[in-house]
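Data file: model.cif. Format and content: mmCIF, C-alpha atoms.
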```cif
data_target
#
loop_
_atom_site.label_atom_id
_atom_site.label_comp_id
_atom_site.auth_asym_id
_atom_site.auth_seq_id
_atom_site.Cartn_x
_atom_site.Cartn_y
_atom_site.Cartn_z
CA MET Q 16 18.01 -18.07 -4.99
CA LEU Q 17 14.61 -17.44 -3.40
CA LEU Q 18 14.27 -14.70 -0.80
CA LYS Q 19 13.27 -16.03 2.62
CA ASP Q 20 10.97 -13.22 3.77
CA ILE Q 21 8.00 -11.97 1.77
CA ARG Q 22 8.92 -8.43 2.74
CA ASP Q 23 12.20 -8.85 0.86
CA TYR Q 24 10.17 -9.07 -2.33
CA GLN Q 25 8.26 -5.94 -1.38
CA ILE Q 26 11.53 -4.09 -0.81
CA LEU Q 27 12.89 -5.35 -4.13
CA PHE Q 28 9.79 -4.34 -6.10
CA LEU Q 29 9.32 -0.96 -4.44
CA GLY Q 30 12.99 -0.19 -5.00
CA LEU Q 31 12.56 -1.17 -8.64
CA PHE Q 32 9.54 1.13 -9.00
CA LEU Q 33 11.50 3.98 -7.46
CA VAL Q 34 14.41 3.56 -9.88
CA LEU Q 35 11.99 3.11 -12.78
CA GLY Q 36 10.03 6.23 -11.87
CA ILE Q 37 13.12 8.39 -11.57
CA GLY Q 38 14.59 6.99 -14.79
CA THR Q 39 11.51 7.05 -17.02
CA ARG Q 40 9.14 9.66 -15.60
CA ASP Q 41 11.51 12.58 -14.98
CA TRP Q 42 10.44 12.94 -11.36
CA THR Q 43 11.54 16.00 -9.45
CA LEU Q 44 12.71 13.81 -6.58
CA ARG Q 45 16.11 14.59 -5.15
CA PRO Q 46 18.30 11.63 -4.07
CA GLU Q 47 19.01 13.24 -0.70
CA LEU Q 48 15.29 13.15 0.16
CA ILE Q 49 15.23 9.41 -0.48
CA GLY Q 50 18.23 9.03 1.80
CA VAL Q 51 16.55 11.10 4.51
CA ALA Q 52 13.38 8.99 4.31
CA ILE Q 53 15.29 5.72 4.56
CA ALA Q 54 17.71 6.80 7.30
CA THR Q 55 15.01 8.46 9.41
CA SER Q 56 12.62 5.51 9.13
CA LEU Q 57 15.26 2.95 10.10
CA ALA Q 58 16.56 5.08 12.98
CA THR Q 59 13.06 5.75 14.34
CA GLN Q 60 12.13 2.06 14.16
CA TRP Q 61 15.29 1.05 16.03
CA ILE Q 62 15.01 3.76 18.72
CA LEU Q 63 11.32 3.17 19.44
CA SER Q 64 11.87 -0.59 19.55
CA LEU Q 65 14.51 -0.08 22.25
CA VAL Q 66 12.46 2.47 24.19
CA THR Q 67 9.27 0.42 24.23
CA GLY Q 68 11.01 -2.91 24.64
CA LYS Q 69 9.02 -4.42 21.78
CA GLU Q 70 11.65 -6.62 20.20
CA GLN Q 71 9.17 -8.05 17.73
CA MET Q 72 9.00 -4.63 16.10
CA ALA Q 73 12.77 -4.31 15.81
CA ASN Q 74 12.77 -5.86 12.35
CA LEU Q 75 13.87 -3.10 10.03
CA ARG Q 76 12.27 -4.55 6.90
CA SER Q 77 8.91 -2.90 7.59
CA ALA Q 78 10.62 0.45 8.22
CA LEU Q 79 12.47 0.18 4.91
CA ILE Q 80 9.19 -0.61 3.12
CA THR Q 81 7.62 2.47 4.71
CA SER Q 82 10.51 4.68 3.62
CA LEU Q 83 10.33 3.41 0.04
CA GLY Q 84 6.58 4.04 0.00
CA LEU Q 85 7.13 7.62 1.18
CA SER Q 86 9.80 8.13 -1.48
CA LEU Q 87 7.48 6.83 -4.19
CA LEU Q 88 4.45 8.92 -3.30
CA LEU Q 89 5.38 11.95 -1.19
CA ARG Q 90 7.06 15.06 -2.59
CA ALA Q 91 8.61 17.87 -0.54
CA ASP Q 92 10.81 20.91 -0.99
CA CYS Q 93 12.68 20.55 2.32
CA TRP Q 94 14.42 17.52 3.79
CA THR Q 95 12.86 18.29 7.17
CA THR Q 96 9.41 17.60 5.72
CA MET Q 97 10.46 14.13 4.59
CA ALA Q 98 12.07 13.48 7.97
CA ILE Q 99 8.88 14.53 9.78
CA ALA Q 100 6.80 12.25 7.58
CA ALA Q 101 9.13 9.30 8.23
CA VAL Q 102 9.22 9.79 12.01
CA ILE Q 103 5.45 10.10 12.28
CA ALA Q 104 4.89 7.14 9.95
CA ILE Q 105 7.01 4.78 12.05
CA ALA Q 106 5.79 6.21 15.36
CA SER Q 107 2.17 5.56 14.36
CA LYS Q 108 2.83 1.80 14.58
CA PHE Q 109 3.83 2.14 18.22
CA ILE Q 110 1.19 4.68 19.27
CA PHE Q 111 -2.03 3.69 17.53
CA GLN Q 112 -2.47 0.09 18.64
CA VAL Q 113 -5.33 -2.06 19.83
CA GLY Q 114 -4.45 -5.49 21.13
CA ASP Q 115 -0.84 -5.11 19.97
CA LYS Q 116 -2.01 -4.42 16.41
CA HIS Q 117 -1.57 -1.06 14.67
CA PHE Q 118 -4.50 -0.01 12.51
CA PHE Q 119 -3.06 2.89 10.52
CA ASN Q 120 -1.00 2.13 7.44
CA PRO Q 121 2.37 3.74 8.34
CA THR Q 122 3.14 5.12 4.87
CA ASN Q 123 -0.34 6.55 4.50
CA PHE Q 124 -0.25 8.06 7.99
CA GLY Q 125 3.08 9.72 7.23
CA ILE Q 126 1.81 11.15 3.95
CA ILE Q 127 -1.37 12.60 5.45
CA SER Q 128 0.54 13.99 8.44
CA ALA Q 129 3.01 15.74 6.14
CA LEU Q 130 0.17 17.22 4.07
CA ILE Q 131 -1.50 18.55 7.22
CA LEU Q 132 1.49 19.68 9.26
CA THR Q 133 3.93 21.05 6.67
CA PRO Q 134 3.54 23.74 3.99
CA ASP Q 135 5.65 22.14 1.25
CA ALA Q 136 4.41 18.54 1.02
CA TRP Q 137 2.31 17.24 -1.85
CA VAL Q 138 1.34 14.04 -3.62
CA SER Q 139 1.14 13.65 -7.39
CA PRO Q 140 -1.39 10.88 -8.17
CA GLY Q 141 -0.76 11.19 -11.91
CA GLN Q 142 3.01 10.90 -11.71
CA TRP Q 143 3.05 7.53 -13.49
CA GLY Q 144 0.95 8.63 -16.44
CA GLU Q 145 -1.30 6.02 -18.05
CA GLU Q 146 1.07 3.76 -19.97
CA TRP Q 147 -0.31 0.23 -20.02
CA TRP Q 148 3.02 -1.47 -19.32
CA TYR Q 149 3.28 0.22 -15.92
CA GLY Q 150 -0.05 -1.36 -15.05
CA LEU Q 151 1.15 -4.80 -16.13
CA LEU Q 152 4.34 -4.42 -14.10
CA PHE Q 153 2.48 -3.34 -10.97
CA ALA Q 154 -0.16 -6.05 -11.37
CA GLY Q 155 2.44 -8.77 -11.92
CA THR Q 156 4.69 -7.88 -9.00
CA GLY Q 157 1.81 -6.97 -6.71
CA GLY Q 158 0.05 -10.19 -7.62
CA MET Q 159 3.08 -12.20 -6.56
CA ILE Q 160 3.07 -10.54 -3.12
CA LEU Q 161 -0.69 -10.88 -2.66
CA GLN Q 162 -0.62 -14.54 -3.60
CA ARG Q 163 1.89 -15.23 -0.84
CA VAL Q 164 0.17 -13.16 1.86
CA GLY Q 165 -3.36 -14.15 0.80
CA ARG Q 166 -4.83 -10.67 0.48
CA TRP Q 167 -6.15 -10.72 -3.10
CA ASP Q 168 -9.67 -10.28 -1.70
CA THR Q 169 -8.86 -6.76 -0.48
CA THR Q 170 -7.50 -5.55 -3.82
CA ALA Q 171 -10.31 -7.20 -5.77
CA ALA Q 172 -13.00 -5.68 -3.52
CA PHE Q 173 -11.49 -2.20 -3.73
CA LEU Q 174 -10.79 -2.12 -7.48
CA GLY Q 175 -14.04 -3.91 -8.32
CA SER Q 176 -16.19 -1.53 -6.25
CA TYR Q 177 -14.40 1.59 -7.40
CA SER Q 178 -14.48 0.52 -11.07
CA LEU Q 179 -18.22 -0.20 -10.81
CA LEU Q 180 -18.97 3.20 -9.28
CA GLU Q 181 -16.94 4.97 -11.96
CA ALA Q 182 -18.68 2.94 -14.68
CA ILE Q 183 -22.14 3.90 -13.36
CA ARG Q 184 -21.13 7.56 -13.23
CA ASN Q 185 -19.68 7.35 -16.73
CA LEU Q 186 -22.94 5.92 -18.10
CA TRP Q 187 -25.04 8.46 -16.18
CA LEU Q 188 -23.08 11.38 -17.64
CA GLY Q 189 -23.03 9.86 -21.13
CA TRP Q 190 -19.26 10.00 -21.44
CA THR Q 191 -17.24 7.84 -23.79
CA TRP Q 192 -15.41 4.84 -22.35
CA ASP Q 193 -11.99 6.32 -23.01
CA VAL Q 194 -12.78 8.77 -20.19
CA TYR Q 195 -13.55 5.83 -17.91
CA TRP Q 196 -10.30 4.02 -18.69
CA HIS Q 197 -8.39 7.27 -18.32
CA ARG Q 198 -9.65 7.58 -14.72
CA LEU Q 199 -8.73 4.00 -13.87
CA MET Q 200 -5.37 3.62 -15.62
CA SER Q 201 -3.33 5.34 -12.96
CA GLY Q 202 -0.07 3.90 -11.70
CA SER Q 203 -0.56 5.50 -8.30
CA LEU Q 204 -4.04 3.94 -7.98
CA LEU Q 205 -2.62 0.51 -8.75
CA LEU Q 206 0.26 0.99 -6.33
CA PHE Q 207 -2.26 1.94 -3.67
CA ALA Q 208 -4.52 -1.04 -4.40
CA LEU Q 209 -1.72 -3.59 -4.60
CA PHE Q 210 0.83 -2.45 -2.04
CA MET Q 211 -0.80 -0.05 0.45
CA ILE Q 212 -4.39 -1.08 1.09
CA THR Q 213 -3.25 -4.71 1.38
CA ASP Q 214 -0.80 -4.25 4.29
CA PRO Q 215 -1.65 -7.46 6.20
CA ARG Q 216 -0.57 -6.08 9.58
CA SER Q 217 -2.97 -3.12 9.66
CA ILE Q 218 -6.07 -4.26 7.74
CA PRO Q 219 -8.95 -6.40 9.11
CA ASN Q 220 -8.02 -9.98 10.00
CA SER Q 221 -11.07 -11.75 8.56
CA ARG Q 222 -11.81 -12.04 4.87
CA ILE Q 223 -15.35 -10.64 5.14
CA GLY Q 224 -14.00 -7.78 7.23
CA ARG Q 225 -11.39 -6.95 4.58
CA VAL Q 226 -14.00 -7.02 1.80
CA VAL Q 227 -16.39 -4.73 3.70
CA TRP Q 228 -13.51 -2.41 4.60
CA ALA Q 229 -12.20 -2.22 1.03
CA ILE Q 230 -15.68 -1.49 -0.36
CA CYS Q 231 -16.10 1.35 2.16
CA ILE Q 232 -12.75 2.84 1.14
CA ALA Q 233 -13.71 2.59 -2.53
CA GLY Q 234 -17.01 4.35 -1.85
CA LEU Q 235 -15.39 7.17 0.11
CA THR Q 236 -12.67 7.53 -2.52
CA PHE Q 237 -15.34 7.88 -5.21
CA ILE Q 238 -17.18 10.56 -3.22
CA LEU Q 239 -14.07 12.57 -2.36
CA ARG Q 240 -12.75 12.46 -5.91
CA ASN Q 241 -15.94 13.20 -7.84
CA TYR Q 242 -17.88 15.46 -5.50
CA PHE Q 243 -15.12 17.21 -3.55
CA PHE Q 244 -12.58 17.05 -6.41
CA ILE Q 245 -9.73 15.82 -4.20
CA SER Q 246 -7.07 14.30 -6.42
CA THR Q 247 -5.50 12.42 -3.48
CA ALA Q 248 -8.85 10.92 -2.45
CA VAL Q 249 -7.55 7.34 -2.00
CA PHE Q 250 -5.06 8.39 0.67
CA TRP Q 251 -7.59 10.46 2.62
CA ALA Q 252 -10.15 7.65 2.40
CA LEU Q 253 -7.71 5.08 3.81
CA PHE Q 254 -6.68 7.46 6.58
CA ALA Q 255 -10.28 8.25 7.57
CA LEU Q 256 -11.46 4.63 7.58
CA ALA Q 257 -8.40 2.98 9.12
CA PRO Q 258 -9.98 2.94 12.63
CA LEU Q 259 -12.88 0.92 11.17
CA THR Q 260 -10.48 -2.03 11.27
CA ILE Q 261 -10.95 -2.18 15.06
CA LEU Q 262 -14.73 -2.63 14.79
CA LEU Q 263 -14.48 -5.16 11.96
CA ASP Q 264 -12.00 -7.27 13.93
CA VAL Q 265 -14.51 -7.37 16.79
CA LEU Q 266 -17.46 -8.23 14.54
CA TRP Q 267 -15.63 -10.98 12.64
CA LEU Q 268 -12.97 -12.74 14.68
CA ALA Q 269 -10.03 -14.25 12.84
CA PRO Q 270 -6.36 -15.02 13.58
CA ARG Q 271 -4.00 -12.08 13.20
CA PHE Q 272 -1.61 -12.19 10.26
CA SER Q 273 1.95 -13.31 11.02
CA TRP Q 274 4.87 -12.82 8.63
CA GLN Q 275 6.59 -15.89 10.06
CA GLU Q 276 3.56 -18.12 9.49
CA ALA Q 277 3.13 -16.74 5.97
CA ASP Q 278 6.77 -17.49 5.17
CA GLU Q 279 6.47 -21.02 6.58
CA GLU Q 280 3.28 -21.65 4.58
CA ALA Q 281 4.88 -20.34 1.39
CA GLY Q 282 7.93 -22.52 2.03
CA THR Q 283 5.70 -25.58 2.56
CA GLU Q 284 3.82 -24.89 -0.67
CA LEU Q 285 7.10 -24.44 -2.57
CA LEU Q 286 8.46 -27.71 -1.16
CA ALA Q 287 5.27 -29.53 -2.08
CA SER Q 288 5.41 -28.15 -5.63
CA CYS Q 289 9.06 -29.20 -6.04
CA THR Q 290 8.33 -32.66 -4.66
CA ASP Q 291 5.39 -33.07 -7.01
CA ALA Q 292 7.51 -31.94 -9.98
CA ILE Q 293 10.27 -34.42 -9.11
CA HIS Q 294 7.71 -37.19 -8.72
CA ARG Q 295 6.25 -36.48 -12.16
CA VAL Q 296 9.68 -36.44 -13.80
CA SER Q 297 10.68 -39.71 -12.15
CA ASN Q 298 7.52 -41.35 -13.44
#
```
Would you write out, as structure tokens, the structure that this file holds?
Amino acid sequence: MLLKDIRDYQILFLGLFLVLGIGTRDWTLRPELIGVAIATSLATQWILSLVTGKEQMANLRSALITSLGLSLLLRADCWTTMAIAAVIAIASKFIFQVGDKHFFNPTNFGIISALILTPDAWVSPGQWGEEWWYGLLFAGTGGMILQRVGRWDTTAAFLGSYSLLEAIRNLWLGWTWDVYWHRLMSGSLLLFALFMITDPRSIPNSRIGRVVWAICIAGLTFILRNYFFISTAVFWALFALAPLTILLDVLWLAPRFSWQEADEEAGTELLASCTDAIHRVSN
């Protein structure tokens, strides 16, 4: 049975990654912190939806996706830190808006806020190691989501630009190519490129805007990682350049993404494919 909402697939895959990470990577992530992230995110989404009267934001799927993203990436010693991150992450969607569109990625905003405001929060970019099968899993599941929401351009622009910059640096320094692949084969980098930077509700609406935006994030990530030696460079780069979305939406006008329209389009494509298959069999 096919899931009706694209976000259901995101929830399924992120939940799978969480179970897989805990089961195969020996993460020091306590189950109660996952529960705090989920409960706090859902409660905050529901309360703020009632307070602001924005019924369109009452859908709890996005809040669940945010909580799973926090559980996958953010680490903390105290449950209060995870709760603070979840509250701020959800609240950012209601506070930082232009034209009824939020421009900060909620998960990313929660992570950065926790790193700044609390003493016990941290992110471990290398928590997935560099096993090739993790990369295949992330690429396969992420590719399925991106195909349905039509945001492959963002991932391709980011990974292509960042890979090119790292390749140039690798050649300049005369390093062997195993060093290059070591820097790129990161599960957290792929998760970021496939599931965070492609959030269709907070990134630029137009294709050219998304490509320009993704290239800028790749460039800033490269600078922060290689010249300021910040291991969490991708998250800081996305946070710093999120407001650029506002300018890019003004420069290149395009319709805003709608989950409902995406679901209807995917359903139409699926129906057309089934009809075509039946037609071929009958002939």
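Here atom CA of Q:Tyr195 is placed at a distance of 22.5 Å from atom CA of Q:Leu253.
Here atom CA of Q:Phe118 and atom CA of Q:Phe237 stand 22.2 Å from one another.
Nearest residue to Q:Ile131, choosing from Q:Ala100, Q:Cys93, Q:Leu85, Q:Leu204 and counting only C-alpha atoms: Q:Ala100.
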Residues matched by the PyMOL selection byres ((chain Q and resi 220-235) around 9) as a ChimeraX atom specification: /Q:166,168-178,180,212,215-219,236-240,248-249,251-253,255-257,259-260,263-264,266-272
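Of the residues under consideration (Q:Ile37, Q:Leu57, Q:Leu65, Q:Met97), Q:Met97 shows the shortest atom-to-atom contact distance to Q:Leu132 when counting all atoms listed in the file.
For the file at hand, the PyMOL selection byres ((chain Q and resi 90) around 6) resolves to Q:Leu89, Q:Ala91, Q:Ala136, Q:Trp137, Q:Val138.
Taking all atoms listed in the file into account, Q:Leu27 lies nearest to Q:Ile80 out of the set Q:Ala208, Q:Ala106, Q:Ile80, Q:Ile245.
The shell of residues at most 10 Å from Q:Ile99, with only C-alpha atoms counted and near chain neighbours (fewer than 2 positions) removed, consists of Val51, Ala52, Thr55, Ser56, Trp94, Thr95, Thr96, Met97, Ala101, Val102, Ile103, Ala104, Gly125, Ile126, Ser128, Ala129, Leu132 and Thr133 of chain Q.
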Interatomic distance (Å, one decimal) between atom CA of Q:Ala98 and atom CA of Q:Asp135: 12.7 Å
Contact residues around Q:Tyr149 with only C-alpha atoms at 12 Å, ignoring same-chain residues under 6 positions, as a list of chain:residue names: Q:Leu31, Q:Phe32, Q:Leu35, Q:Gly36, Q:Thr39, Q:Arg40, Q:Gln142, Q:Trp143, Q:Gly155, Q:Thr156, Q:Gly157, Q:Met200, Q:Ser201, Q:Gly202, Q:Ser203, Q:Leu204, Q:Leu205, Q:Leu206
Shell around Q:Ser77 at 12 Å using all atoms listed in the file, local window under 2 positions removed, as a ChimeraX atom specification: /Q:20-26,53,56-57,59-61,71-75,79-84,104-105,108,120-122,214-216,274
